[in-house]
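I have placed the structure first, in the form of structure tokens, so that the comments after it can refer back to it.
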Amino acid sequence: MNLFDVYPLIPVTLVKAEGSKLWDDQGQEYLDLYGGHAVISIGHTHPYYVKRIKDQLDQIAFYSNSIQIPIQKEFADKLGHLSCLHSYQLFLCNSGAEANENAIKMASFETGKSGFIAFTGSFHGRTSGAVALTDNPKIIAPCNAREDFHILPWGDLEAVEEALKTNTIAGILIEGIQGVGGIQVPSAEFLLGISALAKKYTAKLILDEVQSGYGRTGRFFAHQWVEGVMPDLITMAKGMGNGFPIGGLLISPEFKASYGLLGTTFGGNHLACAAGLAVLEVLEAEKLQSKALDLGEKLIEELKQIPGITDVRGKGLMIGIDLDRDAGPVRTELVKKYHIFTGSAAKKQTIRLLPPLSVDWNQLNSFLVALKEILSN
């Protein structure tokens with residue numbers, strides 16, 4: 001049987017990982033500045049994380065949500081503490097797309113409406129509702145397309161209000177910082193504006209923090225950089241489990257739960273919660289959120305000084321770099337010659353940096369040296 005060939009692959013076979021380092025099957029060491037799409041938050045194979053999972057595996061790995069699972073409550077308490085969102089409710093699932101699907105469903109249930117708004121450059125997932133609100137027609141099948149789902153211009157509050165005036169919009173879905181779109185940071189004016197408009201027209205504000213959450217930007221969630229924004233729903237995944245599949249939906253207190261309203265077989269299982277708790281405990285113990293902010297600010301300032309870079313955007317360790325040339329060959333040279341992994345974006349000239357939050361400055365500086373050398377040619 002062949003694998004269904006949908007991924008353009010880097011010709012490297014990784015067999016070992018530790019912190020921000022990777023090794024291939026030939027023994028070559030690499031620097032990971034992409035974290036497998038922002039998934040690796042506390043560093044590869046962190047010893048505390050590994051022990052947490054092994055200890056849980058020795059006890060019980062899985063049972064469904066038909067029984068009490070105390071570790072879910074332990075996880076929710078720690079998440080509420082670190083995010084400062086104590087009054088929100090937590091629904092656990094398995095991925096960012098699944099989290100967004102449940103957020104869409106909850107907003108529609110609550111408002112009785114079916115329409116949604118997202119924005120140019122958005123990426124919310126590949127499942128039915130999430131992909132219909134993703135700005136990439138190539139991955140939207142005919143069965144996914146919906147006339148009442150609107151992709152509006154980024155930053156255009158007038159267009160948002162015009163759509164809301166139809167009284168068909170259940171929710172507005174926006175990333176805390178756009179990831180695939182090239183690390184586009186929404187202005188405070190834009191976030192506060194759509195928040196106010198959502199309230200005015202009884203729509204729900206959904207913050208997709210799948211890539212931008214979990215301390216990556218120097219705040220627990222990226223939207224927390226804007227004072228006064230309190231989303232109705234917050235979606236998260238990627239960095240939650242440091243590689244173990246886990247996603248979640250934070251639900252504001254105005255939503256009332258009922259049996260059967262949402263459901264999942266694997267979401268919130270014992271192993272997933274053990275992985276999730278380990279991530280939160282390491283984030284707190286090693287102060288990785290503040291470290292991400294400090295390192296990111298220093299790295300952004302250094303990047304701005306490099307000839308051949310036309311723009312640098314982001315917060316913390318979520319950084320987009322625009323080049324004066326296509327980024328593909330540059331990223332290839334970074335891997336082949338300098339053994340550094342970076343990420344792509346929708347725009348061909350953009351490099352994305354999403355390293356483990358445990359990365360150190362010497363490692364980031366080695367990337368700066370390599371990038372200067374490549375761009376000088």
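Going by the structure tokens order, chains are called A, B, ..., each with residues numbered from 1, while ligands are numbered from 1 in the order shown.
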
- Query: Excluding same-chain residues fewer than 4 positions from stretch 194-211 of chain A, what lies within 6 Å of it counting only C-alpha atoms, as a ChimeraX atom specification?
  - Reply: /A:96,107,170-176,231-238

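The environment of A:Thr13 within 12 Å, counting only C-alpha atoms and disregarding residues fewer than 4 places along the same chain, consists of Leu9, Ala17, Leu22, Trp23, Asp24, Asp25, Gln26, Gly27, Gln28, Glu29 and Tyr30 of chain A.
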
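Going from atom CA of A:Ala145 over to atom CA of A:Thr111, you cover 21.3 Å.
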
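Of the residues in stretch 121-194 of chain A, those that DSSP places in strand (DSSP E) on the basis of the backbone are Phe149, His150, Ile151, Leu152, Ile169, Ala170, Gly171, Ile172, Leu173, Ile174 and Glu175 of chain A.
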
Sel. of alpha helix (DSSP H) residues, stretch 134-349 of chain A, as an MDAnalysis selection string: chainID A and resid 157:164 188:200 270:285 288:303 327:336

Spatial neighbours of A:Gln89, max dist 7 Å, only C-alpha atoms, sep filter under 6 positions, as a list in words:
Leu250, Ile251, Ser252 and Pro253 of chain A

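Compared by their closest atoms to A:Ala327, and using only C-alpha atoms, the residues A:Gly112, A:Gly182, A:Gly268, A:Gly314 rank with A:Gly182 nearest.
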
Given only C-alpha atoms, how would the per-residue table for stretch 243-299 of chain A near stretch 65-73 of chain A read, listing every residue at most 12 Å away with its closest atom pair and distance in Å to one decimal, sorted by chain and number, as a Markdown table?
```
| residue | atom | partner | partner_atom | distance |
| --- | --- | --- | --- | --- |
| A:Gly248 | CA | A:Gln72 | CA | 11.5 |
| A:Tyr259 | CA | A:Ser66 | CA | 11.3 |
| A:Gly260 | CA | A:Asn65 | CA | 11.3 |
| A:Leu262 | CA | A:Asn65 | CA | 11.4 |
| A:Gly263 | CA | A:Asn65 | CA | 8.5 |
| A:Thr264 | CA | A:Asn65 | CA | 7.8 |
| A:Thr265 | CA | A:Asn65 | CA | 7.0 |
| A:Phe266 | CA | A:Asn65 | CA | 8.2 |
| A:Gly267 | CA | A:Asn65 | CA | 8.1 |
| A:Gly268 | CA | A:Gln72 | CA | 6.4 |
| A:Asn269 | CA | A:Asn65 | CA | 7.7 |
| A:His270 | CA | A:Ile71 | CA | 6.9 |
| A:Leu271 | CA | A:Ile71 | CA | 9.5 |
| A:Ala272 | CA | A:Gln72 | CA | 9.3 |
| A:Cys273 | CA | A:Gln72 | CA | 6.2 |
| A:Ala274 | CA | A:Ile71 | CA | 7.4 |
| A:Ala275 | CA | A:Ile71 | CA | 10.7 |
| A:Gly276 | CA | A:Gln72 | CA | 9.6 |
| A:Leu277 | CA | A:Ile71 | CA | 8.6 |
| A:Ala278 | CA | A:Ile71 | CA | 11.6 |
```

Tell me, counting only C-alpha atoms, for each residue of stretch 220-251 of chain A within 10 Å of stretch 33-39 of chain A, which pair of atoms is nearest and how far apart they are in Å to one decimal, in rows ordered by chain and increasing number, as CSV.
```
residue,atom,partner,partner_atom,distance
A:Ala237,CA,A:Val39,CA,8.1
A:Lys238,CA,A:Val39,CA,4.4
A:Gly239,CA,A:Val39,CA,4.4
A:Met240,CA,A:Val39,CA,7.5
A:Gly241,CA,A:Val39,CA,7.5
A:Asn242,CA,A:Val39,CA,5.5
A:Gly243,CA,A:Val39,CA,5.9
A:Phe244,CA,A:Val39,CA,8.9
A:Pro245,CA,A:Val39,CA,9.5
```

Atoms kept (all heavy atoms) for selection, written as a PDB file, in the first residue's frame:
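Output file selection28.pdb is given in full below:
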```
ATOM      1  N   ALA A 237      -4.839  24.403  20.287  1.00  0.00           N
ATOM      2  CA  ALA A 237      -4.328  23.054  20.011  1.00  0.00           C
ATOM      3  C   ALA A 237      -2.801  23.144  19.955  1.00  0.00           C
ATOM      4  O   ALA A 237      -2.192  23.567  20.930  1.00  0.00           O
ATOM      5  CB  ALA A 237      -4.916  22.486  18.727  1.00  0.00           C
ATOM      6  N   LYS A 238      -2.206  22.782  18.857  1.00  0.00           N
ATOM      7  CA  LYS A 238      -0.764  22.767  18.588  1.00  0.00           C
ATOM      8  C   LYS A 238       0.107  22.697  19.840  1.00  0.00           C
ATOM      9  O   LYS A 238       0.443  21.626  20.301  1.00  0.00           O
ATOM     10  CB  LYS A 238      -0.394  23.938  17.682  1.00  0.00           C
ATOM     11  CG  LYS A 238      -1.043  23.810  16.290  1.00  0.00           C
ATOM     12  CD  LYS A 238      -0.342  24.613  15.240  1.00  0.00           C
ATOM     13  CE  LYS A 238      -1.060  24.534  13.888  1.00  0.00           C
ATOM     14  NZ  LYS A 238      -1.050  23.191  13.283  1.00  0.00           N
ATOM     15  N   GLY A 239       0.512  23.826  20.428  1.00  0.00           N
ATOM     16  CA  GLY A 239       1.435  23.812  21.549  1.00  0.00           C
ATOM     17  C   GLY A 239       0.893  23.198  22.820  1.00  0.00           C
ATOM     18  O   GLY A 239       1.634  23.002  23.786  1.00  0.00           O
ATOM     19  N   MET A 240      -0.389  22.851  22.857  1.00  0.00           N
ATOM     20  CA  MET A 240      -1.016  22.302  24.064  1.00  0.00           C
ATOM     21  C   MET A 240      -0.364  21.018  24.551  1.00  0.00           C
ATOM     22  O   MET A 240      -0.254  20.789  25.753  1.00  0.00           O
ATOM     23  CB  MET A 240      -2.492  21.996  23.813  1.00  0.00           C
ATOM     24  CG  MET A 240      -3.414  23.173  23.863  1.00  0.00           C
ATOM     25  SD  MET A 240      -5.137  22.652  23.611  1.00  0.00           S
ATOM     26  CE  MET A 240      -5.537  21.960  25.214  1.00  0.00           C
ATOM     27  N   GLY A 241       0.020  20.151  23.633  1.00  0.00           N
ATOM     28  CA  GLY A 241       0.499  18.825  24.007  1.00  0.00           C
ATOM     29  C   GLY A 241       1.936  18.549  23.656  1.00  0.00           C
ATOM     30  O   GLY A 241       2.419  17.430  23.843  1.00  0.00           O
ATOM     31  N   ASN A 242       2.663  19.556  23.104  1.00  0.00           N
ATOM     32  CA  ASN A 242       4.079  19.395  22.764  1.00  0.00           C
ATOM     33  C   ASN A 242       4.327  18.200  21.833  1.00  0.00           C
ATOM     34  O   ASN A 242       5.371  17.575  21.864  1.00  0.00           O
ATOM     35  CB  ASN A 242       4.915  19.242  24.029  1.00  0.00           C
ATOM     36  CG  ASN A 242       6.378  19.596  23.833  1.00  0.00           C
ATOM     37  OD1 ASN A 242       6.700  20.672  23.334  1.00  0.00           O
ATOM     38  ND2 ASN A 242       7.274  18.703  24.216  1.00  0.00           N
ATOM     39  N   GLY A 243       3.315  17.897  21.019  1.00  0.00           N
ATOM     40  CA  GLY A 243       3.426  16.777  20.076  1.00  0.00           C
ATOM     41  C   GLY A 243       2.371  15.720  20.292  1.00  0.00           C
ATOM     42  O   GLY A 243       2.071  14.950  19.380  1.00  0.00           O
ATOM     43  N   PHE A 244       1.807  15.641  21.494  1.00  0.00           N
ATOM     44  CA  PHE A 244       0.704  14.712  21.718  1.00  0.00           C
ATOM     45  C   PHE A 244      -0.583  15.375  21.238  1.00  0.00           C
ATOM     46  O   PHE A 244      -0.845  16.526  21.568  1.00  0.00           O
ATOM     47  CB  PHE A 244       0.578  14.351  23.208  1.00  0.00           C
ATOM     48  CG  PHE A 244      -0.246  13.113  23.440  1.00  0.00           C
ATOM     49  CD1 PHE A 244       0.370  11.899  23.666  1.00  0.00           C
ATOM     50  CD2 PHE A 244      -1.629  13.159  23.386  1.00  0.00           C
ATOM     51  CE1 PHE A 244      -0.386  10.743  23.852  1.00  0.00           C
ATOM     52  CE2 PHE A 244      -2.392  12.019  23.570  1.00  0.00           C
ATOM     53  CZ  PHE A 244      -1.765  10.802  23.801  1.00  0.00           C
ATOM     54  N   PRO A 245      -1.418  14.667  20.460  1.00  0.00           N
ATOM     55  CA  PRO A 245      -2.631  15.289  19.909  1.00  0.00           C
ATOM     56  C   PRO A 245      -3.625  15.702  20.994  1.00  0.00           C
ATOM     57  O   PRO A 245      -4.144  14.859  21.724  1.00  0.00           O
ATOM     58  CB  PRO A 245      -3.222  14.186  19.023  1.00  0.00           C
ATOM     59  CG  PRO A 245      -2.086  13.254  18.743  1.00  0.00           C
ATOM     60  CD  PRO A 245      -1.223  13.297  19.962  1.00  0.00           C
TER      61      PRO A 245
END
```

Restricting to only C-alpha atoms, whichever of A:Leu368, A:His44, A:Gly328, A:Val229 is closest to A:Ala346 is A:Gly328

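Nearest-residue note for A:Asn100: choosing from A:Val160, A:Ala285, A:Val50, A:Ala132, the minimum distance belongs to A:Ala132, counting only C-alpha atoms.
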
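When atom CA of A:Arg219 is paired with atom CA of A:Ser344, their separation reads 23.7 Å.
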
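Between A:Lys348 and the candidates A:Pro11, A:Gly181, A:Gly213, A:Gly228, the tightest atom-to-atom separation, counting only C-alpha atoms, involves A:Gly181.
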
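Across the model, the gap from atom CA of A:Ile104 to atom CA of A:Asp148 is 12.9 Å.
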
Can you pull out every residue within 12 Å of A:Gly218, counting only C-alpha atoms, but drop anything in the same chain fewer than 3 positions away, and send it as a ChimeraX atom specification?
/A:83,212-215,221-225,283,287-297,314-318,357

Serialized selection, N, CA, C and O atoms, as a short mmCIF file (atom, residue, chain, number, x, y, z; two decimals), in the first residue's frame:
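In the end it all went to result.cif:
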```cif
data_model
loop_
_atom_site.label_atom_id
_atom_site.label_comp_id
_atom_site.auth_asym_id
_atom_site.auth_seq_id
_atom_site.Cartn_x
_atom_site.Cartn_y
_atom_site.Cartn_z
N SER A 83 -3.80 31.10 32.19
CA SER A 83 -4.39 31.98 31.17
C SER A 83 -5.14 33.15 31.79
O SER A 83 -5.51 34.09 31.07
N SER A 212 -1.22 30.71 17.82
CA SER A 212 -0.70 31.89 18.52
C SER A 212 -0.85 31.82 20.03
O SER A 212 -0.46 32.75 20.74
N GLY A 213 -1.39 30.71 20.55
CA GLY A 213 -1.61 30.60 21.98
C GLY A 213 -0.48 29.94 22.73
O GLY A 213 0.60 29.67 22.19
N TYR A 214 -0.72 29.71 24.00
CA TYR A 214 0.17 28.95 24.88
C TYR A 214 1.53 29.61 25.09
O TYR A 214 2.58 28.99 25.03
N GLY A 215 1.50 30.92 25.34
CA GLY A 215 2.70 31.64 25.72
C GLY A 215 3.62 32.03 24.59
O GLY A 215 4.62 32.73 24.81
N PHE A 221 -2.40 34.02 25.55
CA PHE A 221 -3.05 34.07 24.24
C PHE A 221 -2.70 35.40 23.58
O PHE A 221 -2.60 36.43 24.26
N ALA A 222 -2.57 35.39 22.26
CA ALA A 222 -2.15 36.60 21.55
C ALA A 222 -3.16 37.74 21.71
O ALA A 222 -2.77 38.91 21.78
N HIS A 223 -4.47 37.42 21.77
CA HIS A 223 -5.45 38.50 21.87
C HIS A 223 -5.35 39.24 23.20
O HIS A 223 -5.87 40.35 23.34
N GLN A 224 -4.64 38.66 24.18
CA GLN A 224 -4.49 39.31 25.49
C GLN A 224 -3.54 40.49 25.45
O GLN A 224 -3.42 41.21 26.44
N TRP A 225 -2.91 40.72 24.31
CA TRP A 225 -2.15 41.96 24.12
C TRP A 225 -3.08 43.16 23.97
O TRP A 225 -2.63 44.30 24.11
N LEU A 283 5.87 25.18 31.32
CA LEU A 283 5.74 26.59 30.96
C LEU A 283 5.86 27.48 32.19
O LEU A 283 6.55 28.51 32.17
N LYS A 287 9.33 29.50 33.20
CA LYS A 287 9.01 30.88 32.80
C LYS A 287 9.20 31.08 31.30
O LYS A 287 9.78 32.07 30.83
N LEU A 288 8.69 30.13 30.53
CA LEU A 288 8.92 30.15 29.08
C LEU A 288 8.13 31.25 28.38
O LEU A 288 8.54 31.71 27.31
N GLN A 289 7.03 31.68 28.95
CA GLN A 289 6.25 32.76 28.33
C GLN A 289 7.05 34.07 28.32
O GLN A 289 7.14 34.74 27.28
N SER A 290 7.62 34.44 29.44
CA SER A 290 8.42 35.67 29.50
C SER A 290 9.72 35.51 28.69
O SER A 290 10.19 36.47 28.07
N LYS A 291 10.25 34.29 28.68
CA LYS A 291 11.45 34.04 27.87
C LYS A 291 11.15 34.24 26.39
O LYS A 291 11.97 34.83 25.66
N ALA A 292 9.99 33.76 25.95
CA ALA A 292 9.61 33.93 24.55
C ALA A 292 9.53 35.40 24.18
O ALA A 292 9.95 35.81 23.09
N LEU A 293 8.98 36.21 25.07
CA LEU A 293 8.86 37.64 24.80
C LEU A 293 10.23 38.29 24.69
O LEU A 293 10.50 39.03 23.74
N ASP A 294 11.10 38.00 25.64
CA ASP A 294 12.43 38.63 25.64
C ASP A 294 13.25 38.22 24.42
O ASP A 294 13.85 39.06 23.75
N LEU A 295 13.27 36.92 24.13
CA LEU A 295 14.04 36.45 22.98
C LEU A 295 13.46 36.98 21.68
O LEU A 295 14.20 37.36 20.76
N GLY A 296 12.13 37.01 21.59
CA GLY A 296 11.49 37.49 20.38
C GLY A 296 11.78 38.94 20.09
O GLY A 296 12.08 39.32 18.94
N GLU A 297 11.73 39.77 21.11
CA GLU A 297 12.00 41.20 20.92
C GLU A 297 13.44 41.41 20.43
O GLU A 297 13.68 42.20 19.51
N GLY A 314 5.46 40.24 14.11
CA GLY A 314 5.19 39.21 15.09
C GLY A 314 5.33 39.68 16.51
O GLY A 314 5.62 40.86 16.78
N LYS A 315 5.13 38.75 17.41
CA LYS A 315 5.33 38.97 18.84
C LYS A 315 5.93 37.70 19.44
O LYS A 315 5.57 36.60 19.04
N GLY A 316 6.83 37.90 20.41
CA GLY A 316 7.45 36.74 21.03
C GLY A 316 8.14 35.87 20.00
O GLY A 316 8.82 36.37 19.10
N LEU A 317 7.94 34.56 20.11
CA LEU A 317 8.56 33.62 19.18
C LEU A 317 7.58 33.15 18.13
O LEU A 317 7.50 31.97 17.80
N MET A 318 6.82 34.11 17.60
CA MET A 318 5.95 33.89 16.45
C MET A 318 6.26 35.03 15.47
O MET A 318 5.74 36.14 15.59
N LEU A 357 9.73 27.19 22.71
CA LEU A 357 9.91 28.34 23.59
C LEU A 357 11.14 28.18 24.48
O LEU A 357 11.57 29.15 25.12
#
```
